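A.B. asks: What follows is work.pdb; its format and atoms are PDB, C-alpha atoms and all ligand atoms.
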```pdb
ATOM      1  CA  MET B   7     117.533 119.038  94.431  1.00  0.00           C
ATOM      2  CA  ALA B   8     115.465 118.371  97.543  1.00  0.00           C
ATOM      3  CA  ARG B   9     114.775 114.751  98.414  1.00  0.00           C
ATOM      4  CA  GLN B  10     111.032 114.108  98.554  1.00  0.00           C
ATOM      5  CA  LEU B  11     110.026 111.999 101.529  1.00  0.00           C
ATOM      6  CA  ILE B  12     106.766 110.757 102.983  1.00  0.00           C
ATOM      7  CA  PHE B  13     106.739 110.776 106.795  1.00  0.00           C
ATOM      8  CA  VAL B  14     104.297 108.064 107.866  1.00  0.00           C
ATOM      9  CA  THR B  15     102.910 109.058 111.260  1.00  0.00           C
ATOM     10  CA  GLY B  16      99.558 109.496 112.930  1.00  0.00           C
ATOM     11  CA  ASN B  17     101.027 111.864 115.545  1.00  0.00           C
ATOM     12  CA  ALA B  18     100.399 115.542 114.739  1.00  0.00           C
ATOM     13  CA  ASN B  19     102.831 116.737 117.464  1.00  0.00           C
ATOM     14  CA  LYS B  20     105.707 114.745 115.979  1.00  0.00           C
ATOM     15  CA  LEU B  21     104.939 116.102 112.527  1.00  0.00           C
ATOM     16  CA  ARG B  22     104.846 119.698 113.799  1.00  0.00           C
ATOM     17  CA  GLU B  23     108.234 119.370 115.523  1.00  0.00           C
ATOM     18  CA  VAL B  24     109.827 117.646 112.541  1.00  0.00           C
ATOM     19  CA  ARG B  25     108.649 120.449 110.246  1.00  0.00           C
ATOM     20  CA  GLN B  26     109.933 123.098 112.709  1.00  0.00           C
ATOM     21  CA  ILE B  27     113.325 121.413 113.040  1.00  0.00           C
ATOM     22  CA  LEU B  28     113.721 120.988 109.278  1.00  0.00           C
ATOM     23  CA  ALA B  29     112.684 124.608 108.637  1.00  0.00           C
ATOM     24  CA  ALA B  30     115.266 125.902 111.156  1.00  0.00           C
ATOM     25  CA  GLY B  31     118.131 123.877 109.639  1.00  0.00           C
ATOM     26  CA  ALA B  32     120.924 125.443 107.629  1.00  0.00           C
ATOM     27  CA  ASP B  33     120.137 123.173 104.695  1.00  0.00           C
ATOM     28  CA  ALA B  34     116.364 123.533 104.994  1.00  0.00           C
ATOM     29  CA  ALA B  35     115.928 122.781 101.298  1.00  0.00           C
ATOM     30  CA  THR B  36     117.371 119.240 101.347  1.00  0.00           C
ATOM     31  CA  ILE B  37     114.233 117.415 102.514  1.00  0.00           C
ATOM     32  CA  ASP B  38     110.806 118.079 101.054  1.00  0.00           C
ATOM     33  CA  LEU B  39     108.400 116.417 103.495  1.00  0.00           C
ATOM     34  CA  THR B  40     104.837 115.283 103.020  1.00  0.00           C
ATOM     35  CA  SER B  41     103.018 113.129 105.538  1.00  0.00           C
ATOM     36  CA  GLN B  42     100.561 110.298 105.627  1.00  0.00           C
ATOM     37  CA  ALA B  43      98.820 108.641 108.579  1.00  0.00           C
ATOM     38  CA  LEU B  44      98.648 104.867 108.173  1.00  0.00           C
ATOM     39  CA  ASP B  45      97.397 102.520 110.833  1.00  0.00           C
ATOM     40  CA  LEU B  46     100.344 100.139 111.029  1.00  0.00           C
ATOM     41  CA  PRO B  47     100.889  97.212 113.376  1.00  0.00           C
ATOM     42  CA  GLU B  48     103.655  97.940 115.898  1.00  0.00           C
ATOM     43  CA  VAL B  49     105.372  94.735 116.969  1.00  0.00           C
ATOM     44  CA  GLN B  50     106.880  94.192 120.394  1.00  0.00           C
ATOM     45  CA  GLY B  51     110.646  93.995 120.704  1.00  0.00           C
ATOM     46  CA  THR B  52     113.567  96.367 121.086  1.00  0.00           C
ATOM     47  CA  THR B  53     113.117  99.938 119.859  1.00  0.00           C
ATOM     48  CA  GLN B  54     115.211  99.003 116.820  1.00  0.00           C
ATOM     49  CA  GLU B  55     113.067  95.956 115.980  1.00  0.00           C
ATOM     50  CA  VAL B  56     109.885  98.017 116.364  1.00  0.00           C
ATOM     51  CA  ALA B  57     111.329 100.738 114.106  1.00  0.00           C
ATOM     52  CA  ARG B  58     112.486  98.317 111.385  1.00  0.00           C
ATOM     53  CA  TYR B  59     109.198  96.480 111.259  1.00  0.00           C
ATOM     54  CA  LYS B  60     107.112  99.652 111.161  1.00  0.00           C
ATOM     55  CA  VAL B  61     109.013 101.351 108.331  1.00  0.00           C
ATOM     56  CA  GLN B  62     109.013  98.160 106.256  1.00  0.00           C
ATOM     57  CA  ALA B  63     105.253  97.837 106.695  1.00  0.00           C
ATOM     58  CA  ALA B  64     104.879 101.486 105.645  1.00  0.00           C
ATOM     59  CA  ALA B  65     107.107 101.080 102.562  1.00  0.00           C
ATOM     60  CA  LYS B  66     105.070  98.004 101.533  1.00  0.00           C
ATOM     61  CA  ALA B  67     101.779  99.846 102.036  1.00  0.00           C
ATOM     62  CA  LEU B  68     102.983 102.849 100.032  1.00  0.00           C
ATOM     63  CA  ASN B  69     105.026 100.792  97.545  1.00  0.00           C
ATOM     64  CA  GLY B  70     107.753 103.428  97.755  1.00  0.00           C
ATOM     65  CA  PRO B  71     110.259 105.247  99.954  1.00  0.00           C
ATOM     66  CA  CYS B  72     109.245 106.682 103.314  1.00  0.00           C
ATOM     67  CA  ILE B  73     110.362 107.492 106.830  1.00  0.00           C
ATOM     68  CA  THR B  74     108.777 106.622 110.163  1.00  0.00           C
ATOM     69  CA  GLU B  75     109.669 107.670 113.697  1.00  0.00           C
ATOM     70  CA  ASP B  76     109.462 105.871 117.020  1.00  0.00           C
ATOM     71  CA  THR B  77     109.916 107.525 120.362  1.00  0.00           C
ATOM     72  CA  ALA B  78     110.881 105.590 123.480  1.00  0.00           C
ATOM     73  CA  LEU B  79     111.146 106.825 127.072  1.00  0.00           C
ATOM     74  CA  CYS B  80     113.697 104.704 128.906  1.00  0.00           C
ATOM     75  CA  PHE B  81     114.000 104.665 132.712  1.00  0.00           C
ATOM     76  CA  ASP B  82     117.491 103.774 134.005  1.00  0.00           C
ATOM     77  CA  ALA B  83     116.071 102.074 137.131  1.00  0.00           C
ATOM     78  CA  LEU B  84     113.960  99.782 134.896  1.00  0.00           C
ATOM     79  CA  ASP B  85     116.815  98.899 132.533  1.00  0.00           C
ATOM     80  CA  GLY B  86     115.292 100.893 129.666  1.00  0.00           C
ATOM     81  CA  LEU B  87     111.570 100.202 130.162  1.00  0.00           C
ATOM     82  CA  PRO B  88     108.903 101.407 129.357  1.00  0.00           C
ATOM     83  CA  GLY B  89     111.007 102.181 126.240  1.00  0.00           C
ATOM     84  CA  PRO B  90     108.986 101.702 123.040  1.00  0.00           C
ATOM     85  CA  TYR B  91     105.881 100.857 125.113  1.00  0.00           C
ATOM     86  CA  ILE B  92     105.642 104.345 126.621  1.00  0.00           C
ATOM     87  CA  LYS B  93     102.522 105.180 124.590  1.00  0.00           C
ATOM     88  CA  ASP B  94     100.422 102.513 126.360  1.00  0.00           C
ATOM     89  CA  PHE B  95     101.927 103.267 129.772  1.00  0.00           C
ATOM     90  CA  LEU B  96     101.140 106.966 129.346  1.00  0.00           C
ATOM     91  CA  ALA B  97      97.587 106.289 128.154  1.00  0.00           C
ATOM     92  CA  ARG B  98      96.846 103.931 131.065  1.00  0.00           C
ATOM     93  CA  ILE B  99      98.655 105.353 134.101  1.00  0.00           C
ATOM     94  CA  GLY B 100      99.391 108.965 133.095  1.00  0.00           C
ATOM     95  CA  HIS B 101     102.032 111.352 134.426  1.00  0.00           C
ATOM     96  CA  ASP B 102     101.379 110.470 138.081  1.00  0.00           C
ATOM     97  CA  GLY B 103     101.532 106.731 137.487  1.00  0.00           C
ATOM     98  CA  LEU B 104     104.825 107.051 135.594  1.00  0.00           C
ATOM     99  CA  ASN B 105     106.246 109.017 138.519  1.00  0.00           C
ATOM    100  CA  LYS B 106     104.970 106.457 141.049  1.00  0.00           C
ATOM    101  CA  MET B 107     106.634 103.642 139.114  1.00  0.00           C
ATOM    102  CA  LEU B 108     109.971 105.100 140.198  1.00  0.00           C
ATOM    103  CA  ASP B 109     109.085 105.809 143.832  1.00  0.00           C
ATOM    104  CA  GLY B 110     110.724 102.607 145.069  1.00  0.00           C
ATOM    105  CA  PHE B 111     114.029 103.548 143.424  1.00  0.00           C
ATOM    106  CA  SER B 112     116.636 106.186 144.284  1.00  0.00           C
ATOM    107  CA  ASN B 113     117.438 106.702 140.577  1.00  0.00           C
ATOM    108  CA  ARG B 114     114.948 108.796 138.540  1.00  0.00           C
ATOM    109  CA  ARG B 115     117.216 109.180 135.502  1.00  0.00           C
ATOM    110  CA  ALA B 116     115.689 108.550 132.095  1.00  0.00           C
ATOM    111  CA  ASN B 117     116.474 109.154 128.469  1.00  0.00           C
ATOM    112  CA  ALA B 118     114.271 110.033 125.532  1.00  0.00           C
ATOM    113  CA  LEU B 119     115.206 108.033 122.463  1.00  0.00           C
ATOM    114  CA  CYS B 120     114.038 108.940 118.969  1.00  0.00           C
ATOM    115  CA  THR B 121     114.560 106.543 116.082  1.00  0.00           C
ATOM    116  CA  PHE B 122     113.944 107.609 112.503  1.00  0.00           C
ATOM    117  CA  ALA B 123     113.750 104.738 110.044  1.00  0.00           C
ATOM    118  CA  TYR B 124     114.201 105.147 106.287  1.00  0.00           C
ATOM    119  CA  CYS B 125     113.123 102.477 103.839  1.00  0.00           C
ATOM    120  CA  ALA B 126     113.732 102.932 100.093  1.00  0.00           C
ATOM    121  CA  GLY B 127     110.923 100.600  99.010  1.00  0.00           C
ATOM    122  CA  PRO B 128     108.929  97.426  99.740  1.00  0.00           C
ATOM    123  CA  THR B 129     111.906  95.047  99.523  1.00  0.00           C
ATOM    124  CA  ALA B 130     114.670  97.374 100.782  1.00  0.00           C
ATOM    125  CA  GLU B 131     116.481  97.034 104.116  1.00  0.00           C
ATOM    126  CA  PRO B 132     115.557  99.772 106.605  1.00  0.00           C
ATOM    127  CA  VAL B 133     118.235 102.192 107.804  1.00  0.00           C
ATOM    128  CA  LEU B 134     117.941 103.621 111.339  1.00  0.00           C
ATOM    129  CA  PHE B 135     119.049 106.982 112.784  1.00  0.00           C
ATOM    130  CA  GLU B 136     118.942 107.563 116.553  1.00  0.00           C
ATOM    131  CA  GLY B 137     119.011 110.568 118.844  1.00  0.00           C
ATOM    132  CA  ARG B 138     119.009 110.484 122.656  1.00  0.00           C
ATOM    133  CA  THR B 139     118.530 113.171 125.304  1.00  0.00           C
ATOM    134  CA  GLN B 140     119.243 112.572 129.020  1.00  0.00           C
ATOM    135  CA  GLY B 141     117.012 113.748 131.824  1.00  0.00           C
ATOM    136  CA  ARG B 142     114.967 112.625 134.801  1.00  0.00           C
ATOM    137  CA  ILE B 143     111.333 111.920 135.618  1.00  0.00           C
ATOM    138  CA  VAL B 144     109.682 114.619 137.757  1.00  0.00           C
ATOM    139  CA  PRO B 145     106.112 115.531 138.839  1.00  0.00           C
ATOM    140  CA  ALA B 146     104.402 117.278 135.904  1.00  0.00           C
ATOM    141  CA  ARG B 147     105.411 120.899 135.222  1.00  0.00           C
ATOM    142  CA  GLY B 148     104.290 123.003 132.248  1.00  0.00           C
ATOM    143  CA  PRO B 149     101.497 122.681 129.693  1.00  0.00           C
ATOM    144  CA  SER B 150     100.230 119.200 128.794  1.00  0.00           C
ATOM    145  CA  ASN B 151     100.192 119.623 125.026  1.00  0.00           C
ATOM    146  CA  PHE B 152     102.366 116.695 124.070  1.00  0.00           C
ATOM    147  CA  GLY B 153     102.636 113.271 125.697  1.00  0.00           C
ATOM    148  CA  TRP B 154     105.119 113.025 128.588  1.00  0.00           C
ATOM    149  CA  ASP B 155     106.782 116.436 127.930  1.00  0.00           C
ATOM    150  CA  PRO B 156     105.702 117.761 131.412  1.00  0.00           C
ATOM    151  CA  ILE B 157     107.450 114.956 133.360  1.00  0.00           C
ATOM    152  CA  PHE B 158     110.785 114.864 131.484  1.00  0.00           C
ATOM    153  CA  GLU B 159     113.292 117.345 132.930  1.00  0.00           C
ATOM    154  CA  VAL B 160     116.255 117.745 130.619  1.00  0.00           C
ATOM    155  CA  GLU B 161     119.686 117.338 132.188  1.00  0.00           C
ATOM    156  CA  GLY B 162     121.517 120.619 132.695  1.00  0.00           C
ATOM    157  CA  THR B 163     118.469 122.854 132.040  1.00  0.00           C
ATOM    158  CA  GLY B 164     116.281 122.559 135.177  1.00  0.00           C
ATOM    159  CA  LYS B 165     113.299 122.594 132.799  1.00  0.00           C
ATOM    160  CA  THR B 166     110.884 119.977 131.569  1.00  0.00           C
ATOM    161  CA  TYR B 167     110.340 119.786 127.809  1.00  0.00           C
ATOM    162  CA  ALA B 168     106.874 121.261 128.448  1.00  0.00           C
ATOM    163  CA  GLU B 169     108.388 124.343 130.141  1.00  0.00           C
ATOM    164  CA  MET B 170     110.544 125.102 127.107  1.00  0.00           C
ATOM    165  CA  GLU B 171     109.699 127.229 124.102  1.00  0.00           C
ATOM    166  CA  ALA B 172     109.582 125.173 120.898  1.00  0.00           C
ATOM    167  CA  GLU B 173     112.908 126.707 119.777  1.00  0.00           C
ATOM    168  CA  GLN B 174     114.694 125.479 122.914  1.00  0.00           C
ATOM    169  CA  LYS B 175     113.245 121.958 122.832  1.00  0.00           C
ATOM    170  CA  ASN B 176     113.954 121.664 119.115  1.00  0.00           C
ATOM    171  CA  LYS B 177     117.657 122.444 119.618  1.00  0.00           C
ATOM    172  CA  LEU B 178     118.346 119.749 122.209  1.00  0.00           C
ATOM    173  CA  SER B 179     115.602 117.163 121.857  1.00  0.00           C
ATOM    174  CA  HIS B 180     115.926 113.472 121.038  1.00  0.00           C
ATOM    175  CA  ARG B 181     113.962 114.261 117.854  1.00  0.00           C
ATOM    176  CA  TYR B 182     116.324 117.072 116.805  1.00  0.00           C
ATOM    177  CA  LYS B 183     119.381 114.830 117.257  1.00  0.00           C
ATOM    178  CA  ALA B 184     117.825 111.929 115.335  1.00  0.00           C
ATOM    179  CA  LEU B 185     116.710 114.237 112.538  1.00  0.00           C
ATOM    180  CA  GLU B 186     120.252 115.632 112.235  1.00  0.00           C
ATOM    181  CA  ALA B 187     121.526 112.053 111.914  1.00  0.00           C
ATOM    182  CA  LEU B 188     118.848 111.328 109.294  1.00  0.00           C
ATOM    183  CA  ARG B 189     119.806 114.436 107.332  1.00  0.00           C
ATOM    184  CA  ARG B 190     123.502 113.526 107.344  1.00  0.00           C
ATOM    185  CA  GLY B 191     122.746 109.872 106.571  1.00  0.00           C
ATOM    186  CA  LEU B 192     120.375 110.547 103.679  1.00  0.00           C
ATOM    187  CA  SER B 193     122.860 112.866 102.013  1.00  0.00           C
ATOM    188  CA  GLN B 194     125.204 109.857 101.733  1.00  0.00           C
ATOM    189  CA  LEU B 195     122.656 107.339 100.417  1.00  0.00           C
TER     190      LEU B 195
HETATM  191  O1  LIG B 201     106.139 114.326 125.635  1.00  0.00           O
HETATM  192  C1  LIG B 201     106.474 113.835 124.588  1.00  0.00           C
HETATM  193  N1  LIG B 201     107.473 114.430 123.884  1.00  0.00           N
HETATM  194  C2  LIG B 201     107.946 113.962 122.723  1.00  0.00           C
HETATM  195  O2  LIG B 201     108.852 114.559 122.116  1.00  0.00           O
HETATM  196  C3  LIG B 201     107.331 112.768 122.240  1.00  0.00           C
HETATM  197  N2  LIG B 201     107.490 112.037 121.124  1.00  0.00           N
HETATM  198  C4  LIG B 201     106.611 111.037 121.190  1.00  0.00           C
HETATM  199  N3  LIG B 201     105.879 111.111 122.310  1.00  0.00           N
HETATM  200  C5  LIG B 201     104.847 110.190 122.789  1.00  0.00           C
HETATM  201  O3  LIG B 201     105.486 108.939 123.068  1.00  0.00           O
HETATM  202  C6  LIG B 201     104.730 107.860 122.522  1.00  0.00           C
HETATM  203  C7  LIG B 201     105.543 107.302 121.376  1.00  0.00           C
HETATM  204  O4  LIG B 201     104.831 106.363 120.614  1.00  0.00           O
HETATM  205  P1  LIG B 201     105.040 106.228 119.044  1.00  0.00           P
HETATM  206  O5  LIG B 201     106.453 106.574 118.693  1.00  0.00           O
HETATM  207  O6  LIG B 201     104.517 104.938 118.572  1.00  0.00           O
HETATM  208  O7  LIG B 201     104.113 107.440 118.506  1.00  0.00           O
HETATM  209  P2  LIG B 201     102.626 107.490 117.877  1.00  0.00           P
HETATM  210  O8  LIG B 201     102.011 106.131 117.847  1.00  0.00           O
HETATM  211  O9  LIG B 201     101.899 108.552 118.596  1.00  0.00           O
HETATM  212  O10 LIG B 201     102.897 108.020 116.406  1.00  0.00           O
HETATM  213  P3  LIG B 201     103.284 107.184 115.069  1.00  0.00           P
HETATM  214  O11 LIG B 201     103.717 105.820 115.501  1.00  0.00           O
HETATM  215  O12 LIG B 201     102.077 107.196 114.212  1.00  0.00           O
HETATM  216  O13 LIG B 201     104.412 107.990 114.461  1.00  0.00           O
HETATM  217  C8  LIG B 201     103.388 108.487 122.106  1.00  0.00           C
HETATM  218  O14 LIG B 201     102.532 108.485 123.210  1.00  0.00           O
HETATM  219  C9  LIG B 201     103.795 109.914 121.744  1.00  0.00           C
HETATM  220  O15 LIG B 201     102.717 110.823 121.851  1.00  0.00           O
HETATM  221  C10 LIG B 201     106.289 112.178 122.979  1.00  0.00           C
HETATM  222  N4  LIG B 201     105.872 112.714 124.137  1.00  0.00           N
HETATM  223 MG    MG B 202     102.867 104.559 116.993  1.00  0.00          MG
END
```
How would this structure read if it were set down as structure tokens?

C.D. replies:
Amino acid sequence: MARQLIFVTGNANKLREVRQILAAGADAATIDLTSQALDLPEVQGTTQEVARYKVQAAAKALNGPCITEDTALCFDALDGLPGPYIKDFLARIGHDGLNKMLDGFSNRRANALCTFAYCAGPTAEPVLFEGRTQGRIVPARGPSNFGWDPIFEVEGTGKTYAEMEAEQKNKLSHRYKALEALRRGLSQL
């Protein structure tokens, strides 16, 4: 029987990709997803601390099981920053500003890190599932429909996420890899 899960997110783009990835999976029937947008505090810390805190707050608010997702964009030259703070950086300095941040460095490598967190209920310990995709930061190319997609060129493809069709992004993305880990992990819980 399919496991019923509430995905707590306020980000419609994340939800769309998660639904697409689940629908394309071989075992599409194993997760039955609904979603809810809750305004949750997001603490500062490592990506893992942010993820744990957020899913626990969501499970308390819902008084039941749920998943949350956190996406970090980690620059090698900045030892992983902006990381989980990418949302504020993007909102304040945009694609150009993020590119300029790296102009003083020879290394423009970055990785996109997706962390799904599952929490079984208000007092349960969160379980985390990560997926990472390597790339580099480039001047924006492709449609600006989703966050920093136009400035993240995926290693080995010559394309930014924004230049890819949904099918291509959803087969190699940080979110796809984390969702695969979540699927495997949940089947063992
Ligand atoms: O170009 C992109 N391609 C992606 O694949 C992607 N995934 C997330 N993001 C953006 O990175 C920040 C993460 O922040 P975030 O994880 O806290 O998300 P959020 O606050 O929007 O939603 P949520 O916390 O309610 O789930 C936000 O600005 C998101 O829009 C992406 N941008
Ligand atoms: Mg958020």

A.B. asks: Please identify every polymer residue within 12 Å of ligand MG 202 (chain B), using only C-alpha atoms and all ligand atoms, and present the set as an MDAnalysis selection string.

C.D. replies: chainID B and resid 14:18 20 43:50 53 56:57 59:61 64 74:78 90:94 121

A.B. asks: Which is closest to B:Gly51 among B:Gly89, B:Phe158, B:Gln194, B:Asn69, if we use all atoms listed in the file?

C.D. replies: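 For B:Gly51, the nearest of the given residues is B:Gly89.
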
A.B. asks: Convert the output of the PyMOL selection byres (((chain B and resi 167) around 8) and not hetatm) on the shown file into explicit residues, formatted as a tab-separated table (two decimals) with C-alpha atoms, in the coordinates of the input.

C.D. replies:
```
chain	number	residue	atom	x	y	z
B	155	ASP	CA	106.78	116.44	127.93
B	156	PRO	CA	105.70	117.76	131.41
B	157	ILE	CA	107.45	114.96	133.36
B	158	PHE	CA	110.78	114.86	131.48
B	159	GLU	CA	113.29	117.34	132.93
B	160	VAL	CA	116.26	117.74	130.62
B	165	LYS	CA	113.30	122.59	132.80
B	166	THR	CA	110.88	119.98	131.57
B	168	ALA	CA	106.87	121.26	128.45
B	169	GLU	CA	108.39	124.34	130.14
B	170	MET	CA	110.54	125.10	127.11
B	175	LYS	CA	113.24	121.96	122.83
```

A.B. asks: Considering all atoms listed in the file, can you say which of B:Gly110, B:Ala65, B:Ile73, B:Pro145 comes closest to ligand LIG 201 (chain B)?

C.D. replies: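 The shortest atom-to-atom distance to ligand LIG 201 (chain B) comes from B:Ile73.
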
A.B. asks: How big is the axis-aligned box around all listed atoms of ligand LIG 201 (chain B) once 3 Å goes on each side, and where's its centre, in Å to one decimal, as JSON?

C.D. replies:
```
{"center_x": 105.4, "center_y": 109.7, "center_z": 119.9, "size_x": 13.0, "size_y": 15.6, "size_z": 17.4}
```

A.B. asks: Which of these residues is nearest to B:Met107, using all atoms listed in the file: B:Ala126, B:Leu11, B:Asp82, B:Ala184?

C.D. replies: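 Closest to B:Met107, using all atoms listed in the file: B:Asp82.
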
A.B. asks: Work out how far apart atom CA of B:Ala30 and atom O1 of ligand LIG 201 (chain B) are and give it in Å to one decimal.

C.D. replies: 20.7 Å

A.B. asks: Given the choices B:Gly162, B:Gly153, B:Gly137, B:Gly31, which gets closest to ligand LIG 201 (chain B) if the distance is worked out from only C-alpha atoms and all ligand atoms?

C.D. replies: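 The closest residue to ligand LIG 201 (chain B) is B:Gly153.
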
A.B. asks: Between atom CA of B:Leu96 and atom CA of B:Glu173, what is the distance, to one decimal in Å?

C.D. replies: 24.9 Å

A.B. asks: To one decimal place, how far is atom CA of B:Leu21 from atom CA of B:Leu84 in Å?

C.D. replies: 29.1 Å

A.B. asks: Counting only C-alpha atoms, which of B:Ser193, B:Gln174, B:Thr36, B:Ser150 gets nearest to B:Gln10?

C.D. replies: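 So, comparing all the options, the nearest one is B:Thr36.
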
A.B. asks: Env of B:Pro128: 9 Å cut, atoms = only C-alpha atoms, seq-sep filter 3 positions within chain, self excluded. Answer as a list of chain:residue names.

C.D. replies: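 Using only C-alpha atoms, the neighbours found are B:Gln62, B:Ala63, B:Ala64, B:Ala65, B:Lys66, B:Ala67, B:Leu68, B:Asn69, B:Gly70, B:Pro71, B:Cys125, B:Glu131.
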
A.B. asks: Have a look at B:Gly164, B:Gly127, B:Pro88, B:Gly191 and name the one nearest to ligand LIG 201 (chain B); count all atoms listed in the file.

C.D. replies: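 Distance minimum relative to ligand LIG 201 (chain B) lands on B:Pro88.
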
A.B. asks: So that I can see what lies close to B:Thr139, please list as a ChimeraX atom specification the residues with an atom at most 6 Å from it, counting all atoms listed in the file and leaving out residues fewer than 2 positions away in the same chain.

C.D. replies: /B:117-118,180

A.B. asks: If we count only C-alpha atoms and set the cut-off at 8 Å, which residues sit around B:Arg181, ignoring sequence neighbours fewer than 4 positions away in its own chain? Please answer as a list in words.

C.D. replies: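 Listing them by chain and then by number gives Val24, Leu119, Cys120, Thr121, Gly137, Arg138, Asn176 and Leu185 of chain B.
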
A.B. asks: With all atoms listed in the file counted, which protein, DNA or RNA residues have an atom no more than 12 Å from (123.4, 115.2, 99.9) in the file frame? Please answer as number ranges by chain.

C.D. replies: B: 7-9, 33, 35-37, 188-195

A.B. asks: Which protein, DNA or RNA residues have an atom at most 6 Å from (113.7, 105.7, 135.5), counting all atoms listed in the file? List them as a short mmCIF file (atom, residue, chain, number, x, y, z; two decimals) with C-alpha atoms, keeping the file's coordinate frame.

C.D. replies:
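Resulting contents of result.cif:
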```
data_model
loop_
_atom_site.label_atom_id
_atom_site.label_comp_id
_atom_site.auth_asym_id
_atom_site.auth_seq_id
_atom_site.Cartn_x
_atom_site.Cartn_y
_atom_site.Cartn_z
CA PHE B 81 114.00 104.66 132.71
CA ASP B 82 117.49 103.77 134.00
CA ALA B 83 116.07 102.07 137.13
CA LEU B 84 113.96 99.78 134.90
CA ARG B 114 114.95 108.80 138.54
CA ARG B 115 117.22 109.18 135.50
CA ALA B 116 115.69 108.55 132.10
#
```

A.B. asks: Could you give me, as an MDAnalysis selection string, the residues within 8 Å of B:Phe13, counting all atoms listed in the file and dropping anything in the same chain fewer than 3 positions from it?

C.D. replies: chainID B and resid 39:42 72:74

A.B. asks: Could you write out the selected residues, including C-alpha atoms, as a PDB file, keeping the file's coordinate frame?

C.D. replies:
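Heads up, here's the output in out-v4.pdb:
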```pdb
ATOM      1  CA  LEU B  39     108.400 116.417 103.495  1.00  0.00           C
ATOM      2  CA  THR B  40     104.837 115.283 103.020  1.00  0.00           C
ATOM      3  CA  SER B  41     103.018 113.129 105.538  1.00  0.00           C
ATOM      4  CA  GLN B  42     100.561 110.298 105.627  1.00  0.00           C
ATOM      5  CA  CYS B  72     109.245 106.682 103.314  1.00  0.00           C
ATOM      6  CA  ILE B  73     110.362 107.492 106.830  1.00  0.00           C
ATOM      7  CA  THR B  74     108.777 106.622 110.163  1.00  0.00           C
TER       8      THR B  74
END
```
